[in-house]
$ cat model_11.cif   # mmCIF, C-alpha atoms; chains and numbers go by the auth columns
data_upload
#
loop_
_atom_site.group_PDB
_atom_site.id
_atom_site.type_symbol
_atom_site.label_atom_id
_atom_site.label_comp_id
_atom_site.label_asym_id
_atom_site.label_seq_id
_atom_site.Cartn_x
_atom_site.Cartn_y
_atom_site.Cartn_z
_atom_site.B_iso_or_equiv
_atom_site.auth_seq_id
_atom_site.auth_asym_id
ATOM 1 C CA MET A 1 146.201 36.012 137.019 0.00 194 O
ATOM 2 C CA LEU A 2 143.892 35.686 134.033 0.00 195 O
ATOM 3 C CA VAL A 3 144.981 35.652 130.391 0.00 196 O
ATOM 4 C CA SER A 4 142.133 36.268 127.964 0.00 197 O
ATOM 5 C CA VAL A 5 141.502 37.199 124.364 0.00 198 O
ATOM 6 C CA ALA A 6 141.566 40.994 124.093 0.00 199 O
ATOM 7 C CA VAL A 7 138.428 42.829 123.025 0.00 200 O
ATOM 8 C CA THR A 8 137.706 46.461 122.161 0.00 201 O
ATOM 9 C CA ALA A 9 137.084 47.250 125.841 0.00 202 O
ATOM 10 C CA ASP A 10 140.768 46.398 126.473 0.00 203 O
ATOM 11 C CA LEU A 11 142.042 48.990 123.986 0.00 204 O
ATOM 12 C CA GLN A 12 143.070 51.632 126.535 0.00 205 O
ATOM 13 C CA ASP A 13 145.058 49.148 128.622 0.00 206 O
ATOM 14 C CA LEU A 14 146.581 47.555 125.513 0.00 207 O
ATOM 15 C CA THR A 15 147.621 50.976 124.236 0.00 208 O
ATOM 16 C CA ARG A 16 149.395 51.787 127.501 0.00 209 O
ATOM 17 C CA LEU A 17 151.172 48.423 127.523 0.00 210 O
ATOM 18 C CA PHE A 18 152.092 48.660 123.834 0.00 211 O
ATOM 19 C CA ALA A 19 153.606 52.105 124.451 0.00 212 O
ATOM 20 C CA GLY A 20 155.855 50.486 127.070 0.00 213 O
ATOM 21 C CA TYR A 21 156.733 47.720 124.612 0.00 214 O
ATOM 22 C CA LEU A 22 157.785 50.267 121.986 0.00 215 O
ATOM 23 C CA ARG A 23 159.842 52.213 124.540 0.00 216 O
ATOM 24 C CA PHE A 24 161.600 48.953 125.469 0.00 217 O
ATOM 25 C CA TYR A 25 162.627 48.550 121.818 0.00 218 O
ATOM 26 C CA GLU A 26 163.522 52.265 121.633 0.00 219 O
ATOM 27 C CA VAL A 27 160.893 53.149 119.010 0.00 220 O
ATOM 28 C CA PRO A 28 158.404 55.261 120.961 0.00 221 O
ATOM 29 C CA LYS A 29 155.195 56.333 119.225 0.00 222 O
ATOM 30 C CA ALA A 30 152.305 58.568 120.227 0.00 223 O
ATOM 31 C CA GLU A 31 149.585 56.747 122.146 0.00 224 O
ATOM 32 C CA ALA A 32 146.974 57.993 119.659 0.00 225 O
ATOM 33 C CA GLN A 33 148.889 56.292 116.844 0.00 226 O
ATOM 34 C CA ILE A 34 149.208 53.101 118.885 0.00 227 O
ATOM 35 C CA ALA A 35 145.486 53.098 119.675 0.00 228 O
ATOM 36 C CA VAL A 36 144.626 53.368 115.977 0.00 229 O
ATOM 37 C CA PHE A 37 146.982 50.498 115.122 0.00 230 O
ATOM 38 C CA LEU A 38 145.660 48.209 117.859 0.00 231 O
ATOM 39 C CA GLY A 39 142.063 49.229 117.230 0.00 232 O
ATOM 40 C CA GLU A 40 142.455 48.121 113.618 0.00 233 O
ATOM 41 C CA ARG A 41 143.891 44.773 114.717 0.00 234 O
ATOM 42 C CA LEU A 42 140.917 44.208 117.006 0.00 235 O
ATOM 43 C CA LYS A 43 138.410 45.377 114.388 0.00 236 O
ATOM 44 C CA ARG A 44 139.845 43.378 111.501 0.00 237 O
ATOM 45 C CA GLY A 45 140.779 40.331 113.546 0.00 238 O
ATOM 46 C CA ASP A 46 144.006 39.996 111.563 0.00 239 O
ATOM 47 C CA SER A 47 145.998 39.323 114.715 0.00 240 O
ATOM 48 C CA GLN A 48 145.248 37.620 118.005 0.00 241 O
ATOM 49 C CA LEU A 49 145.849 39.768 121.072 0.00 242 O
ATOM 50 C CA LEU A 50 145.899 38.183 124.517 0.00 243 O
ATOM 51 C CA ILE A 51 145.998 40.282 127.672 0.00 244 O
ATOM 52 C CA ALA A 52 147.046 39.288 131.207 0.00 245 O
ATOM 53 C CA ARG A 53 145.324 40.842 134.223 0.00 246 O
ATOM 54 C CA ASP A 54 145.776 40.387 137.944 0.00 247 O
ATOM 55 C CA ALA A 55 142.947 39.466 140.325 0.00 248 O
ATOM 56 C CA GLN A 56 141.976 43.146 140.628 0.00 249 O
ATOM 57 C CA GLY A 57 141.768 43.567 136.833 0.00 250 O
ATOM 58 C CA LEU A 58 145.022 45.497 136.407 0.00 251 O
ATOM 59 C CA ALA A 59 146.542 44.905 132.959 0.00 252 O
ATOM 60 C CA LEU A 60 149.998 43.349 133.373 0.00 253 O
ATOM 61 C CA GLY A 61 151.050 42.386 129.859 0.00 254 O
ATOM 62 C CA PHE A 62 150.049 41.231 126.405 0.00 255 O
ATOM 63 C CA VAL A 63 151.074 39.027 123.532 0.00 256 O
ATOM 64 C CA GLN A 64 150.187 39.539 119.868 0.00 257 O
ATOM 65 C CA LEU A 65 150.128 36.733 117.299 0.00 258 O
ATOM 66 C CA TYR A 66 149.770 36.893 113.521 0.00 259 O
ATOM 67 C CA PRO A 67 148.745 33.881 111.438 0.00 260 O
ATOM 68 C CA PHE A 68 150.861 32.784 108.484 0.00 261 O
ATOM 69 C CA GLN A 69 151.437 29.749 106.314 0.00 262 O
ATOM 70 C CA SER A 70 154.687 27.858 106.827 0.00 263 O
ATOM 71 C CA SER A 71 155.883 27.135 103.313 0.00 264 O
ATOM 72 C CA LEU A 72 158.468 24.627 104.508 0.00 265 O
ATOM 73 C CA ALA A 73 155.966 22.697 106.633 0.00 266 O
ATOM 74 C CA LEU A 74 153.029 23.256 104.232 0.00 267 O
ATOM 75 C CA GLU A 75 150.891 24.046 107.279 0.00 268 O
ATOM 76 C CA PRO A 76 149.525 27.049 109.161 0.00 269 O
ATOM 77 C CA ALA A 77 151.655 28.634 111.884 0.00 270 O
ATOM 78 C CA TRP A 78 151.669 31.715 114.102 0.00 271 O
ATOM 79 C CA LEU A 79 154.164 34.543 114.373 0.00 272 O
ATOM 80 C CA LEU A 80 154.532 35.633 117.972 0.00 273 O
ATOM 81 C CA SER A 81 155.201 39.224 117.046 0.00 274 O
ATOM 82 C CA ASP A 82 154.951 41.059 120.351 0.00 275 O
ATOM 83 C CA LEU A 83 155.269 40.128 124.012 0.00 276 O
ATOM 84 C CA TYR A 84 155.415 42.669 126.801 0.00 277 O
ATOM 85 C CA VAL A 85 155.095 42.580 130.574 0.00 278 O
ATOM 86 C CA HIS A 86 154.832 45.830 132.520 0.00 279 O
ATOM 87 C CA GLU A 87 157.969 46.558 134.548 0.00 280 O
ATOM 88 C CA SER A 88 156.099 46.223 137.853 0.00 281 O
ATOM 89 C CA ALA A 89 154.924 42.699 136.959 0.00 282 O
ATOM 90 C CA ARG A 90 158.174 41.183 135.716 0.00 283 O
ATOM 91 C CA ARG A 91 159.588 38.006 137.270 0.00 284 O
ATOM 92 C CA MET A 92 156.101 37.067 138.517 0.00 285 O
ATOM 93 C CA GLY A 93 155.197 34.505 135.834 0.00 286 O
ATOM 94 C CA VAL A 94 153.228 36.878 133.611 0.00 287 O
ATOM 95 C CA GLY A 95 155.457 36.392 130.572 0.00 288 O
ATOM 96 C CA GLU A 96 155.331 32.626 130.968 0.00 289 O
ATOM 97 C CA ALA A 97 151.534 32.705 131.325 0.00 290 O
ATOM 98 C CA LEU A 98 151.226 34.780 128.154 0.00 291 O
ATOM 99 C CA MET A 99 153.603 32.479 126.275 0.00 292 O
ATOM 100 C CA ASN A 100 151.664 29.421 127.425 0.00 293 O
ATOM 101 C CA ALA A 101 148.377 31.032 126.367 0.00 294 O
ATOM 102 C CA ALA A 102 149.898 31.790 122.947 0.00 295 O
ATOM 103 C CA ARG A 103 150.966 28.164 122.641 0.00 296 O
ATOM 104 C CA ALA A 104 147.503 26.925 123.651 0.00 297 O
ATOM 105 C CA HIS A 105 145.914 29.225 121.069 0.00 298 O
ATOM 106 C CA ALA A 106 148.276 27.981 118.344 0.00 299 O
ATOM 107 C CA GLU A 107 147.675 24.333 119.256 0.00 300 O
ATOM 108 C CA ALA A 108 143.896 24.838 119.312 0.00 301 O
ATOM 109 C CA SER A 109 144.027 26.363 115.832 0.00 302 O
ATOM 110 C CA GLY A 110 145.935 23.366 114.428 0.00 303 O
ATOM 111 C CA ALA A 111 149.153 25.294 113.812 0.00 304 O
ATOM 112 C CA CYS A 112 152.421 23.456 113.250 0.00 305 O
ATOM 113 C CA GLY A 113 154.412 25.924 115.346 0.00 306 O
ATOM 114 C CA LEU A 114 155.110 29.351 116.735 0.00 307 O
ATOM 115 C CA GLN A 115 157.872 31.598 115.425 0.00 308 O
ATOM 116 C CA LEU A 116 159.334 34.613 117.183 0.00 309 O
ATOM 117 C CA GLU A 117 162.312 36.889 117.055 0.00 310 O
ATOM 118 C CA THR A 118 163.743 39.127 119.721 0.00 311 O
ATOM 119 C CA ALA A 119 166.519 41.623 120.174 0.00 312 O
ATOM 120 C CA LYS A 120 169.971 40.153 120.742 0.00 313 O
ATOM 121 C CA THR A 121 170.112 42.197 123.942 0.00 314 O
ATOM 122 C CA ASN A 122 166.840 40.783 125.353 0.00 315 O
ATOM 123 C CA LEU A 123 168.552 38.141 127.459 0.00 316 O
ATOM 124 C CA ALA A 124 165.666 37.725 129.912 0.00 317 O
ATOM 125 C CA GLY A 125 163.293 37.032 127.029 0.00 318 O
ATOM 126 C CA GLN A 126 165.722 34.566 125.480 0.00 319 O
ATOM 127 C CA ARG A 127 165.995 32.650 128.750 0.00 320 O
ATOM 128 C CA LEU A 128 162.194 32.452 128.983 0.00 321 O
ATOM 129 C CA TYR A 129 161.772 31.269 125.390 0.00 322 O
ATOM 130 C CA GLU A 130 164.439 28.603 125.715 0.00 323 O
ATOM 131 C CA ARG A 131 163.049 27.417 129.061 0.00 324 O
ATOM 132 C CA LEU A 132 159.670 26.978 127.321 0.00 325 O
ATOM 133 C CA GLY A 133 161.194 24.842 124.571 0.00 326 O
ATOM 134 C CA TYR A 134 161.796 27.398 121.814 0.00 327 O
ATOM 135 C CA VAL A 135 164.921 26.635 119.809 0.00 328 O
ATOM 136 C CA ARG A 136 167.195 29.373 118.503 0.00 329 O
ATOM 137 C CA ASP A 137 167.458 29.235 114.712 0.00 330 O
ATOM 138 C CA GLU A 138 171.053 28.708 113.661 0.00 331 O
ATOM 139 C CA GLN A 139 170.226 28.081 109.999 0.00 332 O
ATOM 140 C CA PHE A 140 168.383 31.188 108.813 0.00 333 O
ATOM 141 C CA LEU A 141 169.091 34.909 109.091 0.00 334 O
ATOM 142 C CA THR A 142 166.428 37.592 109.311 0.00 335 O
ATOM 143 C CA TYR A 143 166.541 40.513 106.871 0.00 336 O
ATOM 144 C CA TRP A 144 164.418 43.628 106.627 0.00 337 O
ATOM 145 C CA LEU A 145 163.763 45.977 103.691 0.00 338 O
ATOM 146 C CA ALA A 146 162.364 49.338 104.764 0.00 339 O
ATOM 147 C CA LEU A 147 159.930 50.658 102.181 0.00 340 O
ATOM 148 C CA GLN A 148 159.287 54.043 103.794 0.00 341 O
ATOM 149 C CA ASP A 149 161.368 56.684 105.550 0.00 342 O
#

$ encode --input "model_11.cif" --output "C-alpha coordinates"
Amino acid sequence: MLVSVAVTADLQDLTRLFAGYLRFYEVPKAEAQIAVFLGERLKRGDSQLLIARDAQGLALGFVQLYPFQSSLALEPAWLLSDLYVHESARRMGVGEALMNAARAHAEASGACGLQLETAKTNLAGQRLYERLGYVRDEQFLTYWLALQD
(Lines of atoms letter the chains of each structure in order from A and count residues from 1; the text may use other names and numbers.)
(Lines give C-alpha, C1' and ligand atoms only; values in the text may rest on other atoms or scores of the structure.)
Protein backbone atom coordinates (compact mmCIF):
# COMPACT_ATOMS: atom_id res chain seq x y z
CA MET A 1 0.00 0.00 0.00
CA LEU A 2 1.20 3.49 -0.87
CA VAL A 3 0.03 6.70 0.78
CA SER A 4 0.90 9.81 -1.21
CA VAL A 5 0.02 13.47 -1.46
CA ALA A 6 -3.03 13.80 -3.71
CA VAL A 7 -2.73 15.70 -6.97
CA THR A 8 -5.27 16.81 -9.58
CA ALA A 9 -4.96 13.45 -11.35
CA ASP A 10 -6.43 11.84 -8.20
CA LEU A 11 -9.60 13.95 -8.30
CA GLN A 12 -11.91 11.28 -9.74
CA ASP A 13 -10.85 8.68 -7.16
CA LEU A 14 -10.99 11.24 -4.34
CA THR A 15 -14.48 12.26 -5.40
CA ARG A 16 -15.70 8.66 -5.30
CA LEU A 17 -14.14 8.09 -1.88
CA PHE A 18 -15.43 11.41 -0.51
CA ALA A 19 -18.95 10.49 -1.66
CA GLY A 20 -18.65 7.33 0.46
CA TYR A 21 -17.38 9.40 3.38
CA LEU A 22 -20.40 11.71 3.17
CA ARG A 23 -22.79 8.74 2.94
CA PHE A 24 -21.16 7.30 6.08
CA TYR A 25 -22.01 10.54 7.91
CA GLU A 26 -25.48 10.56 6.32
CA VAL A 27 -24.98 13.81 4.38
CA PRO A 28 -24.84 12.64 0.76
CA LYS A 29 -24.00 15.19 -1.93
CA ALA A 30 -23.85 15.04 -5.71
CA GLU A 31 -20.50 13.88 -7.05
CA ALA A 32 -20.27 17.00 -9.24
CA GLN A 33 -20.52 19.16 -6.12
CA ILE A 34 -17.91 17.04 -4.34
CA ALA A 35 -15.54 17.27 -7.31
CA VAL A 36 -15.78 21.07 -7.31
CA PHE A 37 -15.08 21.21 -3.56
CA LEU A 38 -12.09 18.87 -3.74
CA GLY A 39 -10.81 20.46 -6.94
CA GLU A 40 -10.71 23.81 -5.15
CA ARG A 41 -8.80 22.30 -2.23
CA LEU A 42 -6.22 20.87 -4.62
CA LYS A 43 -6.01 24.09 -6.65
CA ARG A 44 -5.74 26.44 -3.69
CA GLY A 45 -3.61 24.16 -1.55
CA ASP A 46 -5.60 25.20 1.52
CA SER A 47 -5.80 21.62 2.74
CA GLN A 48 -3.52 18.61 2.50
CA LEU A 49 -5.11 15.54 0.94
CA LEU A 50 -3.39 12.17 1.20
CA ILE A 51 -4.62 9.15 -0.73
CA ALA A 52 -3.94 5.45 -0.11
CA ARG A 53 -3.67 3.03 -3.04
CA ASP A 54 -3.03 -0.68 -3.24
CA ALA A 55 -0.24 -2.24 -5.32
CA GLN A 56 -2.49 -2.20 -8.41
CA GLY A 57 -3.27 1.52 -7.99
CA LEU A 58 -6.80 1.11 -6.65
CA ALA A 59 -7.77 4.01 -4.37
CA LEU A 60 -8.58 2.66 -0.90
CA GLY A 61 -8.99 5.74 1.27
CA PHE A 62 -8.00 9.31 2.00
CA VAL A 63 -7.32 11.76 4.78
CA GLN A 64 -7.73 15.54 4.61
CA LEU A 65 -5.88 17.97 6.88
CA TYR A 66 -6.36 21.71 7.35
CA PRO A 67 -3.69 23.92 8.91
CA PHE A 68 -4.55 26.18 11.84
CA GLN A 69 -2.85 28.05 14.64
CA SER A 70 -3.25 26.65 18.14
CA SER A 71 -3.94 29.70 20.27
CA LEU A 72 -3.36 27.81 23.51
CA ALA A 73 -0.02 26.39 22.35
CA LEU A 74 0.96 29.49 20.33
CA GLU A 75 2.09 27.15 17.56
CA PRO A 76 0.85 25.76 14.25
CA ALA A 77 -1.27 22.60 14.26
CA TRP A 78 -3.36 20.53 11.86
CA LEU A 79 -7.04 19.67 11.92
CA LEU A 80 -7.58 16.12 10.72
CA SER A 81 -10.94 16.92 9.19
CA ASP A 82 -11.73 13.84 7.13
CA LEU A 83 -10.64 10.20 7.14
CA TYR A 84 -12.30 7.53 5.05
CA VAL A 85 -11.48 3.98 4.03
CA HIS A 86 -13.57 2.25 1.38
CA GLU A 87 -15.73 -0.53 2.83
CA SER A 88 -13.85 -3.22 0.90
CA ALA A 89 -10.51 -2.12 2.41
CA ARG A 90 -11.47 -1.82 6.07
CA ARG A 91 -9.61 -3.77 8.76
CA MET A 92 -6.58 -4.06 6.45
CA GLY A 93 -4.43 -1.29 7.96
CA VAL A 94 -5.43 1.43 5.50
CA GLY A 95 -6.85 3.75 8.15
CA GLU A 96 -3.77 3.32 10.31
CA ALA A 97 -1.48 3.99 7.33
CA LEU A 98 -3.40 7.17 6.51
CA MET A 99 -3.31 8.30 10.14
CA ASN A 100 0.43 7.64 10.33
CA ALA A 101 0.99 9.58 7.09
CA ALA A 102 -1.03 12.48 8.52
CA ARG A 103 1.12 12.41 11.65
CA ALA A 104 4.33 12.34 9.59
CA HIS A 105 3.10 15.30 7.54
CA ALA A 106 2.24 17.27 10.70
CA GLU A 107 5.60 16.47 12.31
CA ALA A 108 7.49 17.43 9.15
CA SER A 109 5.70 20.79 9.07
CA GLY A 110 6.68 21.56 12.68
CA ALA A 111 3.14 21.34 14.03
CA CYS A 112 2.52 20.97 17.75
CA GLY A 113 -0.30 18.47 17.25
CA LEU A 114 -3.20 17.02 15.33
CA GLN A 115 -6.82 17.60 16.30
CA LEU A 116 -9.80 15.58 15.13
CA GLU A 117 -13.40 14.96 15.98
CA THR A 118 -15.62 12.06 15.08
CA ALA A 119 -19.18 10.94 15.51
CA LYS A 120 -20.03 9.44 18.89
CA THR A 121 -21.24 6.36 17.01
CA ASN A 122 -17.94 5.84 15.12
CA LEU A 123 -16.59 3.30 17.59
CA ALA A 124 -14.16 1.70 15.13
CA GLY A 125 -12.61 5.09 14.42
CA GLN A 126 -12.38 5.88 18.12
CA ARG A 127 -10.56 2.62 18.79
CA LEU A 128 -8.07 3.40 16.01
CA TYR A 129 -7.43 6.95 17.22
CA GLU A 130 -6.90 5.87 20.81
CA ARG A 131 -4.64 2.99 19.76
CA LEU A 132 -2.51 5.56 17.89
CA GLY A 133 -2.17 7.75 20.97
CA TYR A 134 -4.95 10.31 20.44
CA VAL A 135 -6.54 11.39 23.71
CA ARG A 136 -10.25 12.10 24.00
CA ASP A 137 -10.87 15.68 25.13
CA GLU A 138 -12.78 15.72 28.39
CA GLN A 139 -12.34 19.46 28.97
CA PHE A 140 -13.84 21.16 25.92
CA LEU A 141 -17.14 20.78 24.07
CA THR A 142 -17.59 21.34 20.36
CA TYR A 143 -20.31 23.72 19.17
CA TRP A 144 -21.51 24.59 15.69
CA LEU A 145 -23.39 27.65 14.39
CA ALA A 146 -25.02 27.06 11.01
CA LEU A 147 -24.96 30.23 8.93
CA GLN A 148 -26.99 28.92 5.99
CA ASP A 149 -30.05 26.73 5.52

$ resolve_selection --input "model_11.cif" --expression "the PyMOL selection byres ((chain O and resi 205) around 12)" --output "ChimeraX atom specification"
/O:199-204,206-212,224-225,227-229,231-232,244,251-252

$ write_last_selection --input "model_11.cif" --atoms "C-alpha atoms" --output "PDB file, in the frame of the given file"
ATOM      1  CA  ALA O 199     141.566  40.994 124.093  1.00  0.00           C
ATOM      2  CA  VAL O 200     138.428  42.829 123.025  1.00  0.00           C
ATOM      3  CA  THR O 201     137.706  46.461 122.161  1.00  0.00           C
ATOM      4  CA  ALA O 202     137.084  47.250 125.841  1.00  0.00           C
ATOM      5  CA  ASP O 203     140.768  46.398 126.473  1.00  0.00           C
ATOM      6  CA  LEU O 204     142.042  48.990 123.986  1.00  0.00           C
ATOM      7  CA  ASP O 206     145.058  49.148 128.622  1.00  0.00           C
ATOM      8  CA  LEU O 207     146.581  47.555 125.513  1.00  0.00           C
ATOM      9  CA  THR O 208     147.621  50.976 124.236  1.00  0.00           C
ATOM     10  CA  ARG O 209     149.395  51.787 127.501  1.00  0.00           C
ATOM     11  CA  LEU O 210     151.172  48.423 127.523  1.00  0.00           C
ATOM     12  CA  PHE O 211     152.092  48.660 123.834  1.00  0.00           C
ATOM     13  CA  ALA O 212     153.606  52.105 124.451  1.00  0.00           C
ATOM     14  CA  GLU O 224     149.585  56.747 122.146  1.00  0.00           C
ATOM     15  CA  ALA O 225     146.974  57.993 119.659  1.00  0.00           C
ATOM     16  CA  ILE O 227     149.208  53.101 118.885  1.00  0.00           C
ATOM     17  CA  ALA O 228     145.486  53.098 119.675  1.00  0.00           C
ATOM     18  CA  VAL O 229     144.626  53.368 115.977  1.00  0.00           C
ATOM     19  CA  LEU O 231     145.660  48.209 117.859  1.00  0.00           C
ATOM     20  CA  GLY O 232     142.063  49.229 117.230  1.00  0.00           C
ATOM     21  CA  ILE O 244     145.998  40.282 127.672  1.00  0.00           C
ATOM     22  CA  LEU O 251     145.022  45.497 136.407  1.00  0.00           C
ATOM     23  CA  ALA O 252     146.542  44.905 132.959  1.00  0.00           C
TER      24      ALA O 252
END

$ closest_residue --input "model_11.cif" --among "O:Ala270, O:Ala304, O:Val220, O:Ala290" --to "Leu325 (chain O)" --atoms "only C-alpha atoms"
O:Ala290

$ atom_distance --input "model_11.cif" --atom1 "CA of Glu310 (chain O)" --atom2 "CA of Gly250 (chain O)"
29.3 Å

$ resolve_selection --input "model_11.cif" --expression "the PyMOL selection byres ((chain O and resi 262) around 12)" --output "ChimeraX atom specification"
/O:259-261,263-272,303-308

$ write_last_selection --input "model_11.cif" --atoms "C-alpha atoms" --output "short mmCIF file (atom, residue, chain, number, x, y, z; two decimals), keeping the file's coordinate frame"
data_model
loop_
_atom_site.label_atom_id
_atom_site.label_comp_id
_atom_site.auth_asym_id
_atom_site.auth_seq_id
_atom_site.Cartn_x
_atom_site.Cartn_y
_atom_site.Cartn_z
CA TYR O 259 149.77 36.89 113.52
CA PRO O 260 148.74 33.88 111.44
CA PHE O 261 150.86 32.78 108.48
CA SER O 263 154.69 27.86 106.83
CA SER O 264 155.88 27.14 103.31
CA LEU O 265 158.47 24.63 104.51
CA ALA O 266 155.97 22.70 106.63
CA LEU O 267 153.03 23.26 104.23
CA GLU O 268 150.89 24.05 107.28
CA PRO O 269 149.52 27.05 109.16
CA ALA O 270 151.66 28.63 111.88
CA TRP O 271 151.67 31.72 114.10
CA LEU O 272 154.16 34.54 114.37
CA GLY O 303 145.94 23.37 114.43
CA ALA O 304 149.15 25.29 113.81
CA CYS O 305 152.42 23.46 113.25
CA GLY O 306 154.41 25.92 115.35
CA LEU O 307 155.11 29.35 116.74
CA GLN O 308 157.87 31.60 115.42
#

$ resolve_selection --input "model_11.cif" --expression "the PyMOL selection byres ((chain O and resi 273) around 12)" --output "PyMOL selection string"
chain O and resi 240-243+255-261+270-272+274-277+291-296+298-299+306-311+322+327

$ closest_residue --input "model_11.cif" --among "O:Ser281, O:Gln332, O:Gln226, O:Ser302" --to "Leu253 (chain O)" --atoms "all atoms listed in the file"
O:Ser281
